[in-house]
Amino acid sequence: MTGLENRLKRIIKADTGRSLVVAIDHGYALGPMKGIVDIAGTISKLDGTGLVDAWLLTKGIFRHAFNPRGTPGVILRSSGGATIAGPDITNEGLVTSVEEVLTLGADAMAVSAFIGSENERETLIGLSRAADQCHRWNVPLLGVIGLGKEVGEKKNDAKFLALSARVAAEHGADLIKTYYTEKGFEDVVAGCPVPIMIAGGPKCETDLDTLKMIHGALQSGAQGIVMGRNIWQSPHPAALLNAAWQLIHKNCSVQEAQDILEESIRNA
């Protein structure tokens, strides 16, 4: 087994081939938003369920607020440098090296590529260079498909998502985080040679909507989720996490997941 394979096993479970990753890296561009203002508290609450396979977080939060009870997988956000206060949130560059990933004991590195934006070239080159660094040390790279304002509507376009996922894989990503669309998502998966996991995107109106989205993605071939606000902005994040875990690792139906969610809320 190579080092890359060993690290991937700490993210994607060998027995199911799937993963439940909680993303808490939003603050690097959006600041202290609802659900992660007290980010140490959010981590503690969700970590206490024992259901998180891996976390996506920044080096600052890893150093100052991350104290899990066990040894979940860790994906370190390694691109950044732009915020919602600036002129263009897609103008990202590499802000963390693979050496920092290894120093902190993380299992993988995450880099965004903003396909279709004015910064497409620069972010794809950054992803490709990160892949070179990662593979020199057998560290997996998660390619994060980012959308700027000018292409944000394309998150529902399966052809655009298929292009984006394939391009990120062609530039060296070992895993892909992208958006889910009800129509044609199986084509997104079919055209990508590496595992795809879905982002949550904008906050869903209800927890049931979140469960339906996860189930639809899994049925179309996704290998899990890398999800943030749709988990920790839920009125019942721990209960929703339990239901999502059952969908991902036990192949339950949406109705079964909803029943599990409601039972978890009652027993909380």
# chains A, B, ... in the order shown; residues from 1 in each chain; ligands from 1
>>> select_by_dssp(residues="stretch 42-195 of chain A", states="alpha helix (DSSP H)", output="PyMOL selection string")
chain A and resi 42-47+59-65+98-104+120-136+158-170+185-190
>>> write_last_selection(atoms="C-alpha atoms", output="tab-separated table (two decimals), in the first residue's frame")
chain	number	residue	atom	x	y	z
A	42	THR	CA	-19.35	23.23	16.55
A	43	ILE	CA	-16.46	20.82	16.10
A	44	SER	CA	-16.96	19.40	19.59
A	45	LYS	CA	-20.71	18.92	19.10
A	46	LEU	CA	-20.41	17.14	15.76
A	47	ASP	CA	-17.27	15.22	16.71
A	59	LYS	CA	-4.54	25.52	9.03
A	60	GLY	CA	-5.53	28.27	11.47
A	61	ILE	CA	-8.57	26.41	12.76
A	62	PHE	CA	-6.55	23.18	12.89
A	63	ARG	CA	-3.99	24.83	15.13
A	64	HIS	CA	-6.33	26.84	17.36
A	65	ALA	CA	-9.73	25.11	17.55
A	98	VAL	CA	2.27	20.33	1.36
A	99	GLU	CA	5.00	20.61	4.01
A	100	GLU	CA	2.48	22.31	6.31
A	101	VAL	CA	-0.03	19.56	5.57
A	102	LEU	CA	2.54	16.98	6.64
A	103	THR	CA	3.71	19.00	9.65
A	104	LEU	CA	0.16	19.20	10.99
A	120	GLU	CA	-9.72	30.03	-14.35
A	121	ARG	CA	-6.14	29.83	-15.66
A	122	GLU	CA	-4.45	30.92	-12.44
A	123	THR	CA	-6.51	28.65	-10.19
A	124	LEU	CA	-6.07	25.64	-12.48
A	125	ILE	CA	-2.33	26.20	-12.59
A	126	GLY	CA	-2.35	26.46	-8.78
A	127	LEU	CA	-4.27	23.18	-8.53
A	128	SER	CA	-1.87	21.48	-10.93
A	129	ARG	CA	1.20	22.70	-9.04
A	130	ALA	CA	-0.38	21.59	-5.76
A	131	ALA	CA	-0.94	18.14	-7.29
A	132	ASP	CA	2.76	17.94	-8.18
A	133	GLN	CA	3.73	18.84	-4.60
A	134	CYS	CA	1.21	16.45	-3.09
A	135	HIS	CA	2.16	13.48	-5.21
A	136	ARG	CA	5.84	13.96	-4.45
A	158	ALA	CA	-24.61	18.97	-15.64
A	159	LYS	CA	-22.47	19.59	-18.73
A	160	PHE	CA	-20.60	22.40	-16.98
A	161	LEU	CA	-20.13	20.30	-13.84
A	162	ALA	CA	-18.90	17.36	-15.92
A	163	LEU	CA	-16.40	19.65	-17.65
A	164	SER	CA	-15.22	21.09	-14.33
A	165	ALA	CA	-14.80	17.73	-12.59
A	166	ARG	CA	-12.94	16.20	-15.52
A	167	VAL	CA	-10.66	19.22	-15.91
A	168	ALA	CA	-9.75	19.17	-12.20
A	169	ALA	CA	-8.97	15.45	-12.40
A	170	GLU	CA	-6.91	15.98	-15.57
A	185	PHE	CA	-25.43	13.99	-12.39
A	186	GLU	CA	-24.70	10.41	-13.40
A	187	ASP	CA	-22.97	11.87	-16.48
A	188	VAL	CA	-20.81	14.07	-14.23
A	189	VAL	CA	-19.69	10.95	-12.37
A	190	ALA	CA	-19.24	8.86	-15.52
>>> residues_around(residues="A:Ile176", least_positions_apart="2", cutoff="8 Å", atoms="only C-alpha atoms", output="PyMOL selection string")
chain A and resi 142-145+165+168-169+173-174+178+194-197
>>> select_by_dssp(residues="stretch 148-230 of chain A", states="strand (DSSP E or B)", output="ChimeraX atom specification")
/A:175-178,196-198,224-227
>>> residues_around(residues="stretch 221-230 of chain A", least_positions_apart="5", cutoff="7 Å", atoms="only C-alpha atoms", output="list of chain:residue names")
A:Gly17, A:Arg18, A:Ser19, A:Leu20, A:Val21, A:Val22, A:Ala23, A:Ile24, A:Lys177, A:Glu186, A:Val189, A:Pro195, A:Ile196, A:Met197, A:Ile198, A:Ala199, A:Gly200, A:Lys203, A:Cys204, A:Thr210, A:Ile248
>>> write_last_selection(atoms="C-alpha atoms", output="PDB file, in the first residue's frame")
ATOM      1  CA  GLY A  17     -16.172   3.145  -0.511  1.00  0.00           C
ATOM      2  CA  ARG A  18     -17.866   6.308   0.715  1.00  0.00           C
ATOM      3  CA  SER A  19     -17.173   9.225   3.021  1.00  0.00           C
ATOM      4  CA  LEU A  20     -18.938  11.792   5.183  1.00  0.00           C
ATOM      5  CA  VAL A  21     -16.757  14.888   5.308  1.00  0.00           C
ATOM      6  CA  VAL A  22     -17.846  17.960   7.283  1.00  0.00           C
ATOM      7  CA  ALA A  23     -16.517  21.196   5.816  1.00  0.00           C
ATOM      8  CA  ILE A  24     -15.752  23.992   8.282  1.00  0.00           C
ATOM      9  CA  LYS A 177     -15.814  18.222  -4.529  1.00  0.00           C
ATOM     10  CA  GLU A 186     -24.701  10.408 -13.404  1.00  0.00           C
ATOM     11  CA  VAL A 189     -19.685  10.947 -12.368  1.00  0.00           C
ATOM     12  CA  PRO A 195     -14.147   9.822  -6.760  1.00  0.00           C
ATOM     13  CA  ILE A 196     -16.706  12.627  -6.639  1.00  0.00           C
ATOM     14  CA  MET A 197     -18.236  13.968  -3.438  1.00  0.00           C
ATOM     15  CA  ILE A 198     -20.891  16.660  -3.376  1.00  0.00           C
ATOM     16  CA  ALA A 199     -20.863  20.062  -1.768  1.00  0.00           C
ATOM     17  CA  GLY A 200     -23.934  21.337   0.021  1.00  0.00           C
ATOM     18  CA  LYS A 203     -28.440  26.313   2.591  1.00  0.00           C
ATOM     19  CA  CYS A 204     -31.363  23.990   1.849  1.00  0.00           C
ATOM     20  CA  THR A 210     -30.603  18.009   2.385  1.00  0.00           C
ATOM     21  CA  ILE A 248     -24.023   7.224   3.026  1.00  0.00           C
TER      22      ILE A 248
END
>>> residues_around(residues="stretch 2-13 of chain A", least_positions_apart="2", cutoff="6 Å", atoms="only C-alpha atoms", output="NGL selection string")
:A and (15-19 or 54 or 73 or 107 or 138-140)
>>> atom_distance(atom1="atom CA of A:Asn91", atom2="atom CA of A:Asn119")
5.9 Å
>>> closest_residue(among="A:Val254, A:Ile231, A:Ala110, A:Ile75", to="A:Val95", atoms="only C-alpha atoms")
A:Ala110
>>> atom_distance(atom1="atom CA of A:Gln233", atom2="atom CA of A:Gly35")
5.1 Å
